[in-house]
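Listing of structure_14.cif, mmCIF, C-alpha atoms
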data_coords
#
loop_
_atom_site.label_atom_id
_atom_site.label_comp_id
_atom_site.auth_asym_id
_atom_site.auth_seq_id
_atom_site.Cartn_x
_atom_site.Cartn_y
_atom_site.Cartn_z
CA MET A 1 -15.33 22.09 -25.79
CA ASP A 2 -13.02 22.29 -28.78
CA ILE A 3 -10.10 23.07 -26.48
CA VAL A 4 -10.93 20.10 -24.23
CA ARG A 5 -11.29 17.81 -27.22
CA ALA A 6 -7.99 19.02 -28.66
CA ALA A 7 -6.23 18.52 -25.33
CA SER A 8 -7.70 15.02 -25.03
CA ASP A 9 -6.62 14.11 -28.56
CA MET A 10 -3.13 15.37 -27.81
CA PHE A 11 -2.87 13.46 -24.54
CA TRP A 12 -4.18 10.21 -26.02
CA SER A 13 -2.07 10.48 -29.16
CA THR A 14 -1.25 7.06 -30.59
CA LYS A 15 2.31 8.30 -31.11
CA ILE A 16 2.67 8.31 -27.32
CA TRP A 17 0.68 5.32 -26.09
CA LEU A 18 0.89 2.75 -28.86
CA PRO A 19 3.60 1.17 -31.03
CA PRO A 20 4.21 2.62 -34.51
CA ASN A 21 1.46 2.05 -37.09
CA ILE A 22 -1.03 0.97 -34.40
CA THR A 23 -4.19 3.00 -33.76
CA TRP A 24 -6.80 2.89 -31.01
CA GLU A 25 -9.19 1.37 -33.52
CA ASP A 26 -6.76 -1.52 -34.02
CA ILE A 27 -7.07 -2.55 -30.35
CA ARG A 28 -10.74 -1.72 -29.90
CA PRO A 29 -12.59 -4.63 -28.24
CA GLY A 30 -14.36 -6.73 -30.85
CA VAL A 31 -12.37 -5.44 -33.82
CA ARG A 32 -10.62 -8.82 -34.18
CA PRO A 33 -12.43 -12.11 -33.65
CA ASP A 34 -9.27 -13.88 -32.49
CA VAL A 35 -8.23 -11.32 -29.84
CA ASN A 36 -10.12 -10.09 -26.77
CA HIS A 37 -8.50 -6.69 -26.21
CA ALA A 38 -8.76 -4.90 -22.87
CA ASP A 39 -11.72 -2.52 -22.76
CA TYR A 40 -10.96 0.86 -21.18
CA ARG A 41 -14.66 1.26 -20.29
CA HIS A 42 -14.31 -1.58 -17.79
CA LEU A 43 -12.12 0.63 -15.58
CA ILE A 44 -15.32 1.93 -14.00
CA TYR A 45 -16.06 -1.49 -12.47
CA PRO A 46 -13.41 -1.35 -9.71
CA ILE A 47 -15.20 1.60 -8.09
CA PRO A 48 -18.45 -0.23 -7.19
CA LEU A 49 -16.32 -3.30 -6.41
CA ALA A 50 -14.40 -1.15 -3.93
CA VAL A 51 -17.68 -0.33 -2.16
CA VAL A 52 -18.42 -4.04 -1.90
CA ILE A 53 -14.93 -4.70 -0.52
CA MET A 54 -15.36 -1.99 2.12
CA MET A 55 -18.72 -3.44 3.18
CA LEU A 56 -17.21 -6.92 3.35
CA ARG A 57 -14.32 -5.59 5.39
CA SER A 58 -16.69 -3.97 7.88
CA LEU A 59 -18.57 -7.23 8.38
CA VAL A 60 -15.43 -9.36 8.66
CA GLU A 61 -13.79 -7.01 11.16
CA ARG A 62 -16.90 -6.68 13.30
CA PHE A 63 -18.12 -10.26 13.44
CA TRP A 64 -14.93 -12.27 13.01
CA ILE A 65 -11.64 -10.43 13.51
CA ALA A 66 -12.64 -8.31 16.54
CA PRO A 67 -14.05 -11.29 18.52
CA ILE A 68 -10.89 -13.27 17.78
CA GLY A 69 -8.75 -10.32 18.88
CA LYS A 70 -10.62 -9.98 22.15
CA ALA A 71 -10.43 -13.74 22.72
CA ILE A 72 -6.61 -13.70 22.52
CA GLY A 73 -6.35 -10.71 24.82
CA ILE A 74 -5.97 -7.75 22.45
CA LYS A 75 -6.74 -4.53 24.33
CA SER A 76 -10.01 -2.94 23.19
CA THR A 77 -9.90 0.07 25.50
CA GLY A 78 -7.60 3.05 25.69
CA PRO A 79 -5.98 4.75 28.70
CA LYS A 80 -8.04 6.59 31.26
CA PRO A 81 -8.97 10.16 30.27
CA PRO A 82 -7.33 13.12 32.04
CA LYS A 83 -9.21 15.24 34.55
CA ALA A 84 -11.76 17.46 32.82
CA ASN A 85 -10.52 20.98 32.15
CA LYS A 86 -12.53 23.24 29.80
CA THR A 87 -9.64 25.63 29.10
CA LEU A 88 -7.17 22.89 28.26
CA GLU A 89 -9.82 21.05 26.23
CA ALA A 90 -10.54 24.19 24.18
CA ALA A 91 -6.81 24.73 23.56
CA TYR A 92 -6.39 21.09 22.57
CA ASN A 93 -9.31 21.21 20.14
CA SER A 94 -7.84 24.34 18.60
CA ASN A 95 -4.44 22.70 18.02
CA ASN A 96 -3.41 19.33 19.43
CA ARG A 97 0.27 20.11 18.89
CA LEU A 98 1.65 21.55 22.09
CA ASN A 99 4.47 24.09 21.72
CA HIS A 100 6.41 26.04 24.34
CA LYS A 101 4.51 29.27 23.70
CA THR A 102 1.15 27.59 24.25
CA THR A 103 2.45 25.86 27.36
CA LEU A 104 3.57 29.15 28.92
CA ARG A 105 0.24 30.79 28.12
CA LEU A 106 -1.70 27.96 29.71
CA THR A 107 0.45 27.84 32.84
CA LYS A 108 -0.21 31.55 33.46
CA GLN A 109 -3.91 31.23 32.66
CA LEU A 110 -4.52 28.15 34.84
CA ASP A 111 -1.90 28.58 37.52
CA MET A 112 -0.40 25.18 36.63
CA THR A 113 3.19 24.11 36.14
CA GLU A 114 4.55 23.30 32.70
CA ARG A 115 4.89 19.67 33.75
CA GLN A 116 1.21 19.51 34.72
CA VAL A 117 0.10 20.99 31.40
CA GLU A 118 2.32 18.63 29.43
CA TYR A 119 1.12 15.65 31.46
CA TRP A 120 -2.56 16.53 30.83
CA TRP A 121 -1.79 17.03 27.14
CA ARG A 122 -0.16 13.60 26.81
CA ARG A 123 -3.11 11.95 28.54
CA ARG A 124 -5.57 13.79 26.30
CA ARG A 125 -3.75 12.87 23.10
CA ALA A 126 -3.58 9.29 24.25
CA GLN A 127 -7.39 9.33 24.23
CA ASP A 128 -7.35 10.00 20.49
CA LYS A 129 -5.07 7.11 19.71
CA PRO A 130 -6.68 4.04 18.21
CA THR A 131 -6.83 1.02 20.45
CA THR A 132 -4.66 -2.00 19.78
CA LEU A 133 -7.80 -3.92 18.78
CA VAL A 134 -8.61 -1.36 16.06
CA LYS A 135 -5.11 -1.66 14.63
CA PHE A 136 -5.28 -5.43 14.95
CA CYS A 137 -8.50 -5.47 12.89
CA GLU A 138 -7.06 -3.25 10.15
CA THR A 139 -3.89 -5.30 9.90
CA SER A 140 -5.84 -8.57 9.89
CA TRP A 141 -7.95 -7.37 6.97
CA ARG A 142 -4.88 -6.46 4.91
CA CYS A 143 -3.28 -9.80 5.78
CA ILE A 144 -6.42 -11.63 4.64
CA TYR A 145 -6.53 -9.69 1.38
CA TYR A 146 -2.85 -10.17 0.54
CA THR A 147 -3.15 -13.89 1.27
CA TYR A 148 -6.18 -14.17 -0.99
CA SER A 149 -4.58 -12.01 -3.69
CA PHE A 150 -1.38 -14.05 -3.78
CA ILE A 151 -3.19 -17.40 -3.86
CA PHE A 152 -5.67 -16.18 -6.48
CA GLY A 153 -2.80 -14.68 -8.50
CA CYS A 154 -0.92 -17.99 -8.45
CA ILE A 155 -4.01 -19.87 -9.58
CA VAL A 156 -4.71 -17.35 -12.33
CA MET A 157 -1.13 -17.12 -13.57
CA TRP A 158 -0.16 -20.79 -13.29
CA ASP A 159 -1.17 -21.68 -16.83
CA LYS A 160 -0.09 -18.38 -18.38
CA SER A 161 2.89 -18.63 -20.71
CA TRP A 162 4.41 -15.31 -19.59
CA LEU A 163 4.74 -16.53 -16.00
CA TRP A 164 7.31 -19.10 -17.10
CA ASP A 165 8.75 -17.15 -20.05
CA ILE A 166 8.64 -13.38 -19.48
CA LYS A 167 9.40 -12.71 -23.15
CA GLN A 168 5.83 -13.83 -23.86
CA CYS A 169 4.79 -10.45 -22.45
CA TRP A 170 6.07 -8.87 -25.65
CA TYR A 171 5.35 -11.37 -28.42
CA GLY A 172 2.31 -10.27 -30.41
CA TYR A 173 1.89 -7.02 -28.49
CA PRO A 174 -0.50 -5.15 -28.51
CA HIS A 175 -2.80 -7.87 -29.86
CA GLN A 176 -2.93 -9.95 -26.68
CA SER A 177 -6.19 -11.31 -25.32
CA VAL A 178 -7.42 -10.65 -21.80
CA SER A 179 -8.83 -13.84 -20.30
CA ASN A 180 -11.64 -13.76 -17.73
CA ASP A 181 -9.37 -14.71 -14.83
CA ILE A 182 -6.86 -11.96 -15.65
CA TRP A 183 -9.78 -9.54 -15.95
CA TRP A 184 -10.93 -10.39 -12.42
CA TYR A 185 -7.37 -10.32 -11.08
CA TYR A 186 -6.87 -6.78 -12.39
CA MET A 187 -10.32 -5.46 -11.44
CA ILE A 188 -10.22 -6.80 -7.88
CA SER A 189 -6.68 -5.50 -7.36
CA MET A 190 -7.70 -2.04 -8.54
CA ALA A 191 -10.85 -2.18 -6.40
CA PHE A 192 -8.74 -2.98 -3.34
CA TYR A 193 -6.61 0.11 -3.93
CA TRP A 194 -9.70 2.24 -4.42
CA SER A 195 -10.97 0.90 -1.08
CA LEU A 196 -7.64 1.68 0.60
CA THR A 197 -7.73 5.21 -0.79
CA ALA A 198 -11.22 5.81 0.59
CA SER A 199 -10.72 4.02 3.92
CA GLN A 200 -7.60 6.06 4.66
CA PHE A 201 -9.86 8.92 5.70
CA PHE A 202 -11.47 6.96 8.55
CA ASP A 203 -8.77 4.40 9.36
CA VAL A 204 -5.96 4.99 11.84
CA LYS A 205 -4.30 8.23 10.76
CA ARG A 206 -0.60 7.84 10.01
CA LYS A 207 2.17 10.39 9.70
CA ASP A 208 2.64 9.31 6.08
CA PHE A 209 -1.07 9.78 5.30
CA TRP A 210 -0.65 11.95 2.20
CA GLN A 211 2.35 9.97 0.95
CA MET A 212 0.30 6.77 1.08
CA PHE A 213 -2.69 8.53 -0.49
CA ALA A 214 -0.48 9.64 -3.38
CA HIS A 215 0.97 6.11 -3.59
CA HIS A 216 -2.49 4.54 -3.91
CA MET A 217 -3.57 7.03 -6.57
CA ILE A 218 -0.37 6.52 -8.59
CA THR A 219 -0.81 2.75 -8.32
CA ILE A 220 -4.37 3.00 -9.63
CA LEU A 221 -3.22 5.32 -12.43
CA LEU A 222 -0.44 2.96 -13.52
CA MET A 223 -2.74 -0.05 -13.48
CA ALA A 224 -5.37 1.87 -15.45
CA LEU A 225 -2.89 3.06 -18.08
CA SER A 226 -1.35 -0.40 -18.42
CA TRP A 227 -4.88 -1.73 -18.96
CA VAL A 228 -5.66 0.89 -21.59
CA CYS A 229 -2.39 0.15 -23.42
CA ASN A 230 -2.91 -3.63 -23.20
CA LEU A 231 0.18 -4.09 -21.02
CA HIS A 232 -1.74 -6.36 -18.67
CA ARG A 233 0.74 -9.26 -18.96
CA VAL A 234 3.68 -7.47 -17.39
CA GLY A 235 1.26 -5.73 -15.03
CA SER A 236 -0.03 -9.05 -13.71
CA LEU A 237 3.54 -10.21 -13.11
CA VAL A 238 4.33 -7.11 -11.08
CA LEU A 239 1.19 -7.61 -9.00
CA LEU A 240 2.01 -11.25 -8.27
CA VAL A 241 5.63 -10.60 -7.29
CA HIS A 242 4.65 -7.92 -4.80
CA ASP A 243 1.91 -9.81 -2.96
CA CYS A 244 3.82 -12.56 -1.19
CA ALA A 245 6.06 -10.57 1.17
CA ASP A 246 3.17 -8.42 2.40
CA ILE A 247 1.46 -11.47 3.88
CA PHE A 248 4.37 -12.02 6.26
CA LEU A 249 4.75 -8.34 7.09
CA GLU A 250 1.11 -8.04 8.16
CA SER A 251 1.37 -11.36 10.02
CA ALA A 252 4.38 -10.04 11.95
CA LYS A 253 2.35 -7.00 12.97
CA LEU A 254 -0.50 -9.20 14.16
CA THR A 255 1.73 -11.32 16.37
CA LYS A 256 3.33 -8.15 17.70
CA TYR A 257 -0.08 -6.81 18.76
CA ALA A 258 -0.88 -10.19 20.35
CA GLN A 259 2.46 -10.03 22.20
CA TYR A 260 3.77 -13.24 20.69
CA GLN A 261 7.29 -11.87 20.45
CA LYS A 262 9.11 -15.04 19.38
CA VAL A 263 6.53 -15.76 16.69
CA CYS A 264 6.83 -12.16 15.52
CA ASP A 265 10.62 -12.50 15.26
CA THR A 266 10.31 -15.72 13.27
CA ILE A 267 7.73 -14.33 10.85
CA PHE A 268 9.75 -11.16 10.35
CA ALA A 269 12.77 -13.30 9.47
CA PHE A 270 10.66 -15.10 6.84
CA PHE A 271 9.44 -11.72 5.60
CA THR A 272 13.01 -10.48 5.17
CA VAL A 273 14.04 -13.53 3.15
CA ILE A 274 10.94 -13.47 0.96
CA TRP A 275 11.27 -9.71 0.45
CA ILE A 276 14.82 -10.13 -0.84
CA ILE A 277 13.83 -13.03 -3.12
CA THR A 278 10.78 -11.34 -4.64
CA ARG A 279 11.86 -7.68 -4.67
CA LEU A 280 15.59 -8.02 -5.42
CA MET A 281 15.70 -11.24 -7.46
CA LEU A 282 12.40 -11.96 -9.22
CA TYR A 283 11.37 -8.35 -9.79
CA PRO A 284 14.73 -7.39 -11.39
CA ARG A 285 14.15 -10.29 -13.80
CA ILE A 286 11.01 -8.48 -14.97
CA ILE A 287 13.02 -5.27 -15.28
CA TYR A 288 15.64 -7.07 -17.37
CA SER A 289 12.97 -8.37 -19.71
CA SER A 290 11.30 -4.98 -20.11
CA SER A 291 14.64 -3.19 -20.57
CA VAL A 292 16.66 -5.65 -22.67
CA GLU A 293 14.38 -8.30 -24.17
CA ALA A 294 11.38 -6.13 -25.06
CA PRO A 295 13.31 -3.75 -27.40
CA GLN A 296 14.56 -6.80 -29.31
CA ILE A 297 11.00 -8.08 -29.87
CA LEU A 298 8.81 -5.04 -30.54
CA PRO A 299 9.29 -1.44 -31.71
CA MET A 300 9.62 1.08 -28.92
CA PHE A 301 7.22 3.95 -28.22
CA PRO A 302 7.08 6.77 -25.59
CA ALA A 303 4.62 5.03 -23.25
CA TYR A 304 6.98 2.05 -23.02
CA TYR A 305 9.74 4.30 -21.70
CA ILE A 306 7.32 5.90 -19.23
CA PHE A 307 6.24 2.57 -17.76
CA ASN A 308 9.72 1.10 -17.77
CA THR A 309 11.19 4.13 -16.03
CA LEU A 310 8.58 3.85 -13.30
CA LEU A 311 9.32 0.14 -12.88
CA ILE A 312 13.04 0.92 -12.53
CA LEU A 313 12.32 3.65 -9.99
CA LEU A 314 10.31 1.09 -8.05
CA LEU A 315 13.34 -1.18 -8.01
CA VAL A 316 15.44 1.68 -6.65
CA LEU A 317 12.89 2.11 -3.85
CA HIS A 318 13.06 -1.61 -3.13
CA ILE A 319 16.82 -1.37 -2.71
CA GLY A 320 16.46 1.53 -0.29
CA TRP A 321 13.72 -0.22 1.67
CA THR A 322 15.82 -3.39 1.82
CA TYR A 323 18.65 -1.44 3.42
CA LEU A 324 16.28 -0.17 6.12
CA ILE A 325 14.84 -3.65 6.66
CA LEU A 326 18.33 -5.05 7.17
CA GLN A 327 19.00 -2.28 9.67
CA ILE A 328 15.98 -3.47 11.63
CA VAL A 329 17.21 -7.06 11.44
CA VAL A 330 20.67 -6.10 12.72
CA LYS A 331 19.21 -4.12 15.61
CA ALA A 332 16.88 -7.02 16.42
CA ILE A 333 19.76 -9.49 16.50
CA LYS A 334 21.76 -7.23 18.79
CA ALA A 335 18.77 -6.70 21.09
CA GLY A 336 17.81 -10.36 21.11
CA GLN A 337 14.32 -9.62 19.79
CA MET A 338 12.39 -7.45 17.39
CA GLU A 339 12.40 -4.05 19.12
CA GLY A 340 9.70 -1.46 18.84
CA ASP A 341 6.59 -1.97 16.78
CA VAL A 342 6.44 -3.11 13.19
CA ARG A 343 3.85 -0.46 12.49
CA SER A 344 4.27 3.21 11.74
CA SER A 345 3.22 5.78 14.28
CA SER A 346 -0.21 7.27 14.04
CA SER A 347 -0.46 10.95 13.26
CA ASP A 348 -1.36 11.81 16.82
CA GLU A 349 1.59 9.94 18.28
CA ILE A 350 3.28 11.37 21.34
CA SER A 351 6.67 10.26 22.54
CA ASP A 352 8.27 11.12 25.82
CA SER A 353 11.72 12.63 25.65
CA SER A 354 13.11 9.69 27.59
CA GLU A 355 12.14 7.19 24.89
CA ASN A 356 14.78 6.00 22.45
CA SER A 357 14.50 5.98 18.67
CA ARG A 358 13.85 2.60 17.06
CA PRO A 359 13.21 1.58 13.48
CA THR A 360 9.60 0.85 12.54
CA LEU A 361 7.89 -0.35 9.38
CA SER A 362 5.54 2.03 7.66
CA ASN A 363 2.24 1.26 6.02
CA GLY A 364 2.55 -0.58 2.74
CA GLY A 365 5.49 -2.72 3.70
CA THR A 366 8.09 -0.01 3.34
CA PRO A 367 10.44 0.58 6.30
CA LYS A 368 10.56 4.04 7.73
CA LYS A 369 13.72 5.72 8.95
CA PRO A 370 14.42 5.27 12.64
CA ALA A 371 11.89 7.25 14.63
CA THR A 372 10.50 7.38 18.14
CA PRO A 373 8.15 4.39 18.47
CA SER A 374 4.68 4.29 19.92
CA LYS A 375 3.87 2.15 22.89
CA ASN A 376 1.10 0.39 21.02
CA GLY A 377 2.89 0.75 17.93
CA THR A 378 0.97 -0.06 7.63
CA THR A 379 2.48 -1.77 3.94
CA ASP A 380 0.69 -2.07 0.33
CA ARG A 381 2.92 -1.80 -2.91
CA ARG A 382 1.96 -2.81 -6.30
CA MET A 383 2.55 -1.29 -9.67
CA GLY A 384 4.19 2.03 -9.12
CA GLN A 385 4.79 1.47 -5.44
#

Would you put the structure from the file into structure tokens?
Amino acid sequence: MDIVRAASDMFWSTKIWLPPNITWEDIRPGVRPDVNHADYRHLIYPIPLAVVIMMLRSLVERFWIAPIGKAIGIKSTGPKPPKANKTLEAAYNSNNRLNHKTTLRLTKQLDMTERQVEYWWRRRRAQDKPTTLVKFCETSWRCIYYTYSFIFGCIVMWDKSWLWDIKQCWYGYPHQSVSNDIWWYYMISMAFYWSLTASQFFDVKRKDFWQMFAHHMITILLMALSWVCNLHRVGSLVLLVHDCADIFLESAKLTKYAQYQKVCDTIFAFFTVIWIITRLMLYPRIIYSSSVEAPQILPMFPAYYIFNTLLILLLVLHIGWTYLILQIVVKAIKAGQMEGDVRSSSSDEISDSSENSRPTLSNGGTPKKPATPSKNGTTDRRMGQ
């Protein structure tokens, strides 16, 4: 226990997480009557809130989104199953990735040609793919959340001084009060990421499953640490800036599933413009304030450099993702429409050798490198994305 306590004391050293001459007691909730400091104990609340969000999502998808999807013609059934074959089924259940060695073994064992085995395998894997309606429901839920989050964020932040003057993020730090609306904004945002982390294990499986899982956990960690260190002002700005573009990305996916190609192209164009404005213009303004203005207002400390470095790395990712988005736009202009699917392939995706590579957008709003698309063909960001 002494070792654990010593390690905890070392990790939470005020020399790392707080400005000089500030202790944890100085920012303890209730220690000052004029300041309502963030309470680290409240970080437990997003977990039960995440359960509520997941229950709400289940009800909304089942009784609202799915009926709407069916009404507009979204496919709710998959392809026909292949002819039953116990040997092939056993081999598939053992490993659904078909290699040349397995193919040769099965052809000898079943007296089938390689083409027949490969054809059966493609049909069988197609059975495991989620239907378009399932993907439509998942995307609709994210679109609803991002729309709510952006609107709620605008309402919450509208009367906050640091929205209009970013330097207010640093004046008086760390003695900055957390208002009730900011408290809810932070807690609900964290709860949503907890729900995404949990739902990943039963949602459509993507090739970038573990990357997105790590992304969600890092996002939660950054939000939690910014809450503990009372950096909620700059954290709320980062959340708000990243919400808007995701609405249009998810909307583009929805119209793609509904086969409204022209609408999809138009929405994706809006998404590209808004992405550039928010991620390459407004977000760098936050970076400038944290990198140039903050050191002129308050004394620096190690945690500041940690958070600021992560924010800068996020900007670097935005630049890379913007390049890939523009590649998609150029290809779309040349083709006359948005080619492929604006959704990343599921983990069980199969592509015929005759199909061409096209750029797709991965989960979380980040473009993936050109890859073979699916025939039925997610995004999420935030602090640390």

Worksheet, complete the sentence: Between CA of Phe209 (chain A) and CA of Val234 (chain A) lies a distance of 28.9 Å

Discussion item. Please return as a PyMOL selection string every residue within 12 Å of (4.1, -8.5, -2.3), taking into account only C-alpha atoms and the file's own coordinates.
Written reply: chain A and resi 142-143+145-151+153+237-250+271-272+274-280+282-283+318+364-366+379-383+385

Discussion item. For a test of reading the model, state the distance in Å between CA of Ala252 (chain A) and CA of Cys264 (chain A), rounded to one decimal.
Written reply: 4.8 Å

Item to complete: Work out how far CA of Pro81 (chain A) is from CA of Asp111 (chain A), in Å to one decimal.
Response: 21.0 Å

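Nearest residue to Ala294 (chain A) among A:Ile22, A:Cys169, A:Ala6, A:Ile47 is A:Cys169, counting all atoms listed in the file.
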
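The neighbours of Tyr185 (chain A) here are the residues that come within 8 Å of it, using only C-alpha atoms and leaving out any residue fewer than 5 positions away in the same chain; they are Phe152, Gly153, Val156 and Ser236 of chain A.
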
Go ahead and save the picked residues with C-alpha atoms, as a PDB file, in the coordinates of the input.
ATOM      1  CA  PHE A 152      -5.670 -16.180  -6.480  1.00  0.00           C
ATOM      2  CA  GLY A 153      -2.800 -14.680  -8.500  1.00  0.00           C
ATOM      3  CA  VAL A 156      -4.710 -17.350 -12.330  1.00  0.00           C
ATOM      4  CA  SER A 236      -0.030  -9.050 -13.710  1.00  0.00           C
TER       5      SER A 236
END

Given 3 Å on each side, where is the centre and what are the edge lengths in Å to one decimal of the axis-aligned box enclosing the listed atoms of region 174-185 of chain A, as JSON?
{"center_x": -6.1, "center_y": -9.9, "center_z": -20.5, "size_x": 17.1, "size_y": 15.6, "size_z": 24.8}

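Put simply, the PyMOL selection byres ((chain A and resi 182) around 10) on this file hits Gly153, Val156, Met157, Lys160, Ser177, Val178, Ser179, Asn180, Asp181, Trp183, Trp184, Tyr185, Tyr186, Met187, Ile188, His232, Arg233 and Ser236 of chain A.
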
Name the residues that the PyMOL selection byres ((chain A and resi 40) around 12) picks from the file above, as a PDB file with C-alpha atoms, in the coordinates of the input, using the file's chain letters and numbers.
ATOM      1  CA  TRP A  24      -6.800   2.890 -31.010  1.00  0.00           C
ATOM      2  CA  ILE A  27      -7.070  -2.550 -30.350  1.00  0.00           C
ATOM      3  CA  ARG A  28     -10.740  -1.720 -29.900  1.00  0.00           C
ATOM      4  CA  PRO A  29     -12.590  -4.630 -28.240  1.00  0.00           C
ATOM      5  CA  HIS A  37      -8.500  -6.690 -26.210  1.00  0.00           C
ATOM      6  CA  ALA A  38      -8.760  -4.900 -22.870  1.00  0.00           C
ATOM      7  CA  ASP A  39     -11.720  -2.520 -22.760  1.00  0.00           C
ATOM      8  CA  ARG A  41     -14.660   1.260 -20.290  1.00  0.00           C
ATOM      9  CA  HIS A  42     -14.310  -1.580 -17.790  1.00  0.00           C
ATOM     10  CA  LEU A  43     -12.120   0.630 -15.580  1.00  0.00           C
ATOM     11  CA  ILE A  44     -15.320   1.930 -14.000  1.00  0.00           C
ATOM     12  CA  TYR A  45     -16.060  -1.490 -12.470  1.00  0.00           C
ATOM     13  CA  PRO A  46     -13.410  -1.350  -9.710  1.00  0.00           C
ATOM     14  CA  TRP A 183      -9.780  -9.540 -15.950  1.00  0.00           C
ATOM     15  CA  MET A 187     -10.320  -5.460 -11.440  1.00  0.00           C
ATOM     16  CA  MET A 223      -2.740  -0.050 -13.480  1.00  0.00           C
ATOM     17  CA  ALA A 224      -5.370   1.870 -15.450  1.00  0.00           C
ATOM     18  CA  LEU A 225      -2.890   3.060 -18.080  1.00  0.00           C
ATOM     19  CA  SER A 226      -1.350  -0.400 -18.420  1.00  0.00           C
ATOM     20  CA  TRP A 227      -4.880  -1.730 -18.960  1.00  0.00           C
ATOM     21  CA  VAL A 228      -5.660   0.890 -21.590  1.00  0.00           C
ATOM     22  CA  CYS A 229      -2.390   0.150 -23.420  1.00  0.00           C
ATOM     23  CA  ASN A 230      -2.910  -3.630 -23.200  1.00  0.00           C
ATOM     24  CA  HIS A 232      -1.740  -6.360 -18.670  1.00  0.00           C
TER      25      HIS A 232
END

Item to complete: Step by step, work through what the PyMOL selection byres ((chain A and resi 136-138) around 10) selects in the shown file, and finish by giving those residues as an NGL selection string.
Response: :A and (57-58 or 60-62 or 64-69 or 74-76 or 131-135 or 139-143 or 203-204 or 250 or 253-258 or 378)
